[in-house]
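A.B. asks: start-v2.cif is reproduced below (mmCIF, C-alpha atoms).
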data_work
loop_
_atom_site.label_atom_id
_atom_site.label_comp_id
_atom_site.auth_asym_id
_atom_site.auth_seq_id
_atom_site.Cartn_x
_atom_site.Cartn_y
_atom_site.Cartn_z
CA MET F 434 21.03 -67.77 -46.70
CA LYS F 435 24.01 -65.45 -46.79
CA LEU F 436 24.77 -62.77 -49.34
CA VAL F 437 28.50 -62.16 -49.56
CA ARG F 438 30.58 -59.94 -51.80
CA MET F 439 34.19 -60.17 -52.87
CA GLN F 440 36.01 -56.92 -52.17
CA PRO F 441 39.56 -55.70 -52.74
CA GLY F 442 41.48 -55.51 -49.46
CA HIS F 443 38.83 -57.52 -47.58
CA GLY F 444 38.14 -60.88 -49.19
CA ASP F 445 34.48 -61.74 -48.83
CA VAL F 446 32.21 -59.41 -46.87
CA LEU F 447 28.85 -60.46 -45.43
CA LEU F 448 26.12 -58.19 -46.80
CA ALA F 449 22.98 -59.82 -45.45
CA GLU F 450 21.87 -63.03 -43.83
CA GLY F 451 18.43 -64.49 -43.26
CA ASP F 452 15.92 -67.21 -43.86
CA PRO F 453 14.06 -66.65 -47.15
CA GLU F 454 11.08 -68.51 -45.68
CA ILE F 455 10.60 -65.65 -43.19
CA ALA F 456 8.96 -62.68 -44.90
CA SER F 457 10.97 -59.93 -43.18
CA ASP F 458 14.27 -61.74 -43.86
CA GLU F 459 13.31 -62.35 -47.46
CA GLU F 460 12.53 -58.69 -47.95
CA GLU F 461 15.94 -57.72 -46.59
CA LEU F 462 17.68 -60.29 -48.79
CA ILE F 463 15.83 -59.12 -51.90
CA GLU F 464 16.64 -55.48 -51.15
CA GLU F 465 20.35 -56.19 -50.78
CA PHE F 466 20.35 -58.48 -53.81
CA ARG F 467 18.85 -55.72 -55.96
CA ARG F 468 21.23 -53.12 -54.56
CA GLN F 469 24.24 -55.21 -55.58
CA LEU F 470 22.87 -55.80 -59.08
CA GLU F 471 22.22 -52.07 -59.44
CA LEU F 472 25.89 -51.53 -58.56
CA GLY F 473 26.67 -53.75 -61.56
CA MET F 474 27.78 -56.83 -59.62
CA TRP F 475 27.46 -60.35 -60.98
CA ALA F 476 25.82 -62.92 -58.71
CA ALA F 477 26.62 -66.62 -58.51
CA VAL F 478 25.15 -69.39 -56.41
CA PRO F 479 27.47 -72.27 -55.57
CA THR F 480 25.41 -75.44 -55.82
CA GLY F 481 25.87 -79.07 -54.92
CA GLN F 482 27.60 -81.71 -56.92
CA ARG F 483 26.76 -82.84 -60.43
CA ARG F 484 28.53 -86.00 -61.61
CA GLY F 485 30.95 -85.66 -58.70
CA ARG F 486 31.85 -82.04 -59.44
CA ARG F 487 30.90 -78.80 -57.74
CA GLU F 488 28.86 -76.38 -59.79
CA ALA F 489 27.72 -72.76 -59.74
CA VAL F 490 24.87 -70.94 -61.43
CA MET F 491 24.80 -67.28 -62.38
CA VAL F 492 21.61 -65.49 -61.37
CA ARG F 493 20.12 -62.16 -62.40
CA ASP F 494 17.03 -62.14 -60.24
CA PHE F 495 16.33 -63.23 -56.67
CA ASP F 496 13.64 -65.59 -57.98
CA GLN F 497 16.38 -67.58 -59.73
CA VAL F 498 18.17 -68.28 -56.43
CA PRO F 499 17.30 -71.79 -55.19
CA ARG F 500 15.36 -71.51 -51.91
CA ASP F 501 17.77 -73.86 -50.17
CA ALA F 502 20.92 -72.05 -51.36
CA GLU F 503 23.39 -71.38 -48.55
CA ARG F 504 25.14 -68.46 -50.24
CA VAL F 505 24.97 -66.00 -53.06
CA VAL F 506 28.37 -64.61 -54.00
CA PHE F 507 28.61 -61.19 -55.64
CA PHE F 508 31.65 -60.12 -57.58
CA PRO F 509 32.53 -57.34 -60.02
CA PRO F 510 31.54 -57.88 -63.66
CA ALA F 511 34.08 -59.33 -66.06
CA ALA F 512 36.00 -56.90 -68.23
CA GLY F 513 38.35 -57.63 -71.09
CA GLY F 514 41.97 -57.22 -70.08
CA MET H 726 46.76 -22.07 -50.14
CA PHE H 727 48.97 -24.89 -48.88
CA ALA H 728 46.09 -26.11 -46.63
CA ARG H 729 43.77 -26.33 -49.61
CA TRP H 730 46.37 -28.20 -51.64
CA ALA H 731 46.99 -30.60 -48.73
CA ALA H 732 43.25 -31.22 -48.29
CA ARG H 733 42.97 -32.12 -51.97
CA ARG H 734 45.96 -34.45 -51.76
CA ARG H 735 45.05 -36.29 -48.53
CA PRO H 736 42.38 -38.69 -49.88
CA GLN H 737 44.68 -39.76 -52.73
CA ILE H 738 47.51 -40.55 -50.33
CA ARG H 739 45.13 -42.61 -48.15
CA ALA H 740 43.75 -44.49 -51.14
CA SER H 741 47.17 -45.58 -52.37
CA ARG H 742 48.49 -46.76 -48.98
CA TRP H 743 49.61 -50.35 -49.24
CA ASP H 744 49.18 -52.64 -46.25
CA PRO H 745 50.67 -56.11 -46.80
CA GLY H 746 49.05 -57.40 -43.58
CA ARG H 747 45.60 -56.38 -44.79
CA GLU H 748 46.22 -57.97 -48.19
CA LEU H 749 47.39 -61.19 -46.53
CA ARG H 750 44.26 -61.34 -44.34
CA ALA H 751 42.09 -60.68 -47.39
CA GLU H 752 43.85 -63.46 -49.29
CA ARG H 753 43.31 -65.89 -46.39
CA ARG H 754 39.60 -65.11 -46.32
CA ALA H 755 39.41 -65.44 -50.10
CA ARG H 756 41.16 -68.80 -49.96
CA GLU H 757 38.68 -70.07 -47.36
CA LEU H 758 35.80 -69.04 -49.60
CA LEU H 759 37.44 -70.75 -52.58
CA ARG H 760 37.89 -73.98 -50.59
CA SER H 761 34.26 -73.93 -49.53
CA VAL H 762 32.97 -73.54 -53.09
CA VAL H 763 35.18 -75.61 -55.42
CA SER H 764 35.74 -79.35 -55.04
CA ALA H 765 38.41 -80.63 -52.67
CA ARG H 766 40.41 -81.82 -55.66
CA GLU H 767 40.35 -78.44 -57.38
CA ALA H 768 41.26 -76.68 -54.14
CA GLU H 769 44.22 -79.00 -53.69
CA ALA H 770 45.32 -78.45 -57.28
CA TYR H 771 45.29 -74.70 -56.67
CA GLU H 772 47.28 -75.07 -53.44
CA ARG H 773 49.91 -77.28 -55.05
CA LEU H 774 50.09 -76.06 -58.64
CA GLY H 775 48.85 -72.47 -58.44
CA PHE H 776 46.08 -72.91 -61.01
CA ILE H 777 42.85 -74.83 -61.64
CA SER H 778 41.78 -76.67 -64.77
CA VAL H 779 38.08 -76.39 -65.63
CA PRO H 780 36.53 -78.46 -68.45
CA GLY H 781 34.92 -76.50 -71.26
CA ASN H 782 31.13 -76.45 -71.33
CA GLY H 783 31.19 -78.06 -67.87
CA ASP H 784 31.88 -81.43 -69.47
CA PRO H 785 35.23 -83.27 -69.58
CA ALA H 786 34.11 -84.87 -72.86
CA SER H 787 34.01 -81.43 -74.55
CA GLY H 788 37.63 -81.89 -75.59
CA TYR H 789 38.83 -78.56 -74.27
CA ALA H 790 39.47 -76.98 -70.91
CA TYR H 791 40.64 -73.74 -69.34
CA LEU H 792 43.52 -73.09 -67.02
CA ILE H 793 42.62 -70.49 -64.40
CA TYR H 794 45.54 -68.49 -62.99
CA PRO H 795 45.10 -65.58 -60.57
CA HIS H 796 45.12 -62.24 -62.38
CA ARG H 797 46.26 -63.77 -65.65
CA PRO H 798 44.29 -64.65 -68.79
CA LEU H 799 42.32 -67.86 -69.08
CA ILE H 800 44.23 -70.34 -71.21
CA ALA H 801 42.11 -72.65 -73.36
CA TYR H 802 43.74 -75.94 -74.36
CA ASP H 803 42.89 -79.17 -76.12
CA THR H 804 42.57 -81.86 -73.46
CA ARG H 805 43.63 -84.66 -75.82
CA THR H 806 46.65 -83.14 -77.54
CA ARG H 807 47.50 -80.55 -74.84
CA GLU H 808 47.75 -77.97 -77.63
CA LEU H 809 47.19 -74.39 -76.48
CA LEU H 810 44.19 -72.88 -78.25
CA CYS H 811 43.96 -69.26 -77.13
CA GLU H 812 44.20 -66.77 -74.32
CA TYR H 813 41.11 -65.03 -72.99
CA CYS H 814 42.19 -61.83 -71.30
CA VAL H 815 39.61 -61.08 -68.66
CA GLY H 816 39.54 -59.64 -65.16
CA PHE H 817 37.16 -58.49 -62.46
CA PRO H 818 38.20 -54.94 -61.56
CA ASP H 819 36.08 -53.54 -58.75
CA ARG H 820 35.54 -49.97 -59.85
CA SER H 821 33.22 -49.21 -56.93
CA GLU H 822 35.86 -49.75 -54.24
CA ALA H 823 38.23 -46.79 -54.37
CA GLU H 824 39.68 -47.23 -50.89
CA PHE H 825 41.67 -50.40 -51.52
CA GLY H 826 42.02 -50.27 -55.28
CA GLN H 827 40.33 -52.42 -57.90
CA ARG H 828 42.24 -55.66 -57.55
CA LEU H 829 40.51 -58.61 -55.86
CA PRO H 830 42.62 -60.98 -53.76
CA ASP H 831 44.20 -63.73 -55.90
CA SER H 832 41.89 -66.51 -54.71
CA ASP H 833 38.81 -64.33 -55.24
CA ASP H 834 39.92 -63.70 -58.82
CA VAL H 835 40.32 -67.46 -59.37
CA LEU H 836 36.95 -68.18 -57.77
CA ALA H 837 35.20 -65.47 -59.80
CA LYS H 838 36.57 -67.02 -63.00
CA TRP H 839 35.61 -70.51 -61.81
CA MET H 840 32.01 -69.50 -61.01
CA ALA H 841 31.63 -67.49 -64.20
CA LEU H 842 32.93 -70.41 -66.28
CA ARG H 843 30.73 -72.93 -64.50
CA GLY H 844 27.63 -70.79 -64.53
CA GLY H 845 27.95 -68.70 -67.67
CA GLU H 846 30.89 -69.64 -69.88
CA ARG H 847 29.49 -67.79 -72.91
CA ASP H 848 29.01 -64.51 -71.03
CA LEU H 849 32.51 -64.64 -69.62
CA ILE H 850 34.11 -65.45 -72.95
CA ALA H 851 32.05 -62.72 -74.62
CA ALA H 852 33.47 -60.18 -72.16
CA ALA H 853 37.06 -61.36 -72.68
CA ASN H 854 39.55 -60.26 -75.32
CA MET H 855 40.71 -63.28 -77.26
CA HIS H 856 44.34 -63.59 -78.37
CA LEU H 857 46.61 -66.28 -79.70
CA PRO H 858 48.63 -68.08 -77.02
CA GLY H 859 51.72 -66.21 -75.93
CA ARG H 860 50.41 -62.66 -75.72
CA GLN H 861 50.49 -62.36 -71.92
CA VAL H 862 51.44 -65.82 -70.69
CA ASP H 863 54.58 -67.68 -71.75
CA PRO H 864 53.42 -70.76 -73.72
CA GLN H 865 56.44 -72.76 -72.55
CA GLN H 866 55.45 -72.12 -68.96
CA VAL H 867 51.87 -73.21 -69.67
CA ARG H 868 53.11 -76.42 -71.33
CA ARG H 869 55.23 -77.15 -68.27
CA ASP H 870 52.17 -76.49 -66.10
CA LEU H 871 50.15 -78.95 -68.18
CA VAL H 872 52.82 -81.60 -67.65
CA CYS H 873 52.70 -80.88 -63.89
CA LEU H 874 48.91 -81.13 -63.97
CA ARG H 875 49.01 -84.49 -65.77
CA GLU H 876 51.56 -85.85 -63.30
CA TRP H 877 49.57 -84.58 -60.33
CA GLN H 878 46.35 -86.10 -61.71
CA ALA H 879 48.11 -89.46 -62.22
CA LEU H 880 49.43 -89.31 -58.67
CA GLU H 881 45.94 -88.54 -57.38
CA GLU H 882 44.51 -91.51 -59.30
CA ARG H 883 47.10 -93.82 -57.74
CA ARG H 884 46.53 -92.33 -54.29
CA ARG H 885 42.78 -92.93 -54.48
CA GLY H 886 43.52 -96.62 -54.79
CA PRO H 887 41.87 -99.56 -56.52
CA LEU H 888 38.60 -99.41 -54.51
CA GLU H 889 37.81 -95.92 -55.74
CA GLU H 890 38.87 -96.92 -59.25
CA ARG H 891 36.40 -99.81 -59.29
CA ARG H 892 33.64 -97.60 -57.93
CA ARG H 893 34.13 -94.95 -60.62
CA GLY H 894 34.54 -97.34 -63.58
CA PRO H 895 37.43 -98.21 -65.88
CA LEU H 896 40.03 -95.50 -66.51
CA GLU H 897 39.86 -95.85 -70.28
CA GLU H 898 36.10 -95.41 -70.27
CA ARG H 899 36.40 -92.20 -68.26
CA ARG H 900 39.07 -90.87 -70.63
CA GLN H 901 36.87 -91.42 -73.66
CA GLY H 902 33.88 -89.68 -72.14
CA PRO H 903 30.14 -90.36 -72.53
CA LEU H 904 29.89 -89.31 -76.20
CA ALA H 905 32.56 -91.79 -77.33
CA ARG H 906 30.96 -94.56 -75.24
CA ARG H 907 27.55 -93.86 -76.75
CA ALA H 908 29.02 -93.93 -80.29
CA ALA H 909 30.72 -97.26 -79.58
#
Hey, can you dump this file as structure tokens for me?
C.D. replies:
Amino acid sequence: MKLVRMQPGHGDVLLAEGDPEIASDEEELIEEFRRQLELGMWAAVPTGQRRGRREAVMVRDFDQVPRDAERVVFFPPAAGG
Amino acid sequence: MFARWAARRRPQIRASRWDPGRELRAERRARELLRSVVSAREAEAYERLGFISVPGNGDPASGYAYLIYPHRPLIAYDTRTRELLCEYCVGFPDRSEAEFGQRLPDSDDVLAKWMALRGGERDLIAAANMHLPGRQVDPQQVRRDLVCLREWQALEERRRGPLEERRRGPLEERRQGPLARRAA
């Protein structure tokens, strides 16, 4: 599983990578996940296809991330323009 | 005194430096991420038309959809009549990244809107400022874009060929959506 974050001037940046089935990796992933949420980021998990279309789910806790997810994408929270 | 003034000024000068090469590389990375997340069809629509259409409530039968443009408001429209419904002015300014400003690369902005609409439409719309069509985006331009989208979709249908058509069911049935079919 990879945790990536969208950043101005960079595109996506890899924050952490690991196998959530391995305890030490999971700990690192959870720590980084929480750090990003504390910074106010939104987190989305791109998922497979539903009725032929790609989907994404928004998550607020690491427990909500599917164990087989390949990526969690962090991006700044929406603000009215 | 000049040294102190210069020291105060230096970080601001660094922060505002514009590097088109860096922005181009960032946009390329962002576009790769977009391609890997959205469907091939949506990615192609973005490449060719410069925007993506996402059905409201994640369901084409909802009767409405959004046009996602980079760094412009979401445009909601009626999928049957093509009437423009409203503009949702929303962005994703990164206030934690002072070095390169707050603006995400174009494709990241599009992808952020796509994921937020797919995964939490209500939250995104709640954060947006709603206006009548025409406040920030020219309605005539949007109508022209909708015509382009319809033509592109028709071309895609023809390109897929009769085998794909048969596999996916009759065109009319798909247009009507599951609710209309159930009612019939």
A.B. asks: Residues proximal to (18.2, -62.3, -49.1) were defined as those with any atom within 10 Å of that point in the file's coordinates, counting all atoms listed in the file. Which are they, as a ChimeraX atom specification?
C.D. replies: /F:434-436,448-453,457-467,495,498,504-505
A.B. asks: What is the atom CA of Arg754 of chain H-atom CA of Asp445 of chain F distance in Å, reported with one decimal?
C.D. replies: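 Computing it gives 6.6 Å between the two atoms.
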A.B. asks: Return the neighbours of chain F among the residues of chain H, cut-off 7 Å, counting all atoms listed in the file, as a ChimeraX atom specification.
C.D. replies: /H:747-748,751-752,754-755,762-764,814-819,825-830,833,837,840,843-845,849,852-854
A.B. asks: Quick check, in Å to one decimal: how far apart do atom CA of Tyr791 of chain H and atom CA of Asp870 of chain H lie?
C.D. replies: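 Result for atom CA of Tyr791 of chain H versus atom CA of Asp870 of chain H: 12.3 Å, one decimal.
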A.B. asks: Need to verify the contact set: Thr804 of chain H, 8 Å, all atoms listed in the file, exclusion of same-chain residues closer than 5 positions in sequence. Can you return it as a list of chain:residue names?
C.D. replies: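 What passes the distance filter is H:Gly788, H:Tyr789, H:Ala790.
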A.B. asks: Decode the PyMOL selection byres ((chain H and resi 792-798) around 6) for the given file into explicit residues and return them as a ChimeraX atom specification.
C.D. replies: /H:776-778,791,799-800,812-815,831,834-835
A.B. asks: If you measure from atom CA of Thr806 of chain H to atom CA of Ser832 of chain H, what distance in Å do you get, rounded to one decimal?
C.D. replies: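 Pair atom CA of Thr806 of chain H / atom CA of Ser832 of chain H returns 28.6 Å.
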A.B. asks: Given only C-alpha atoms as the basis, pick out the residue of H:Ala770, H:Val862, H:Leu749, H:Ala801 nearest to Gln878 of chain H.
C.D. replies: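 Of H:Ala770, H:Val862, H:Leu749, H:Ala801, the one nearest Gln878 of chain H, counting only C-alpha atoms, is H:Ala770.
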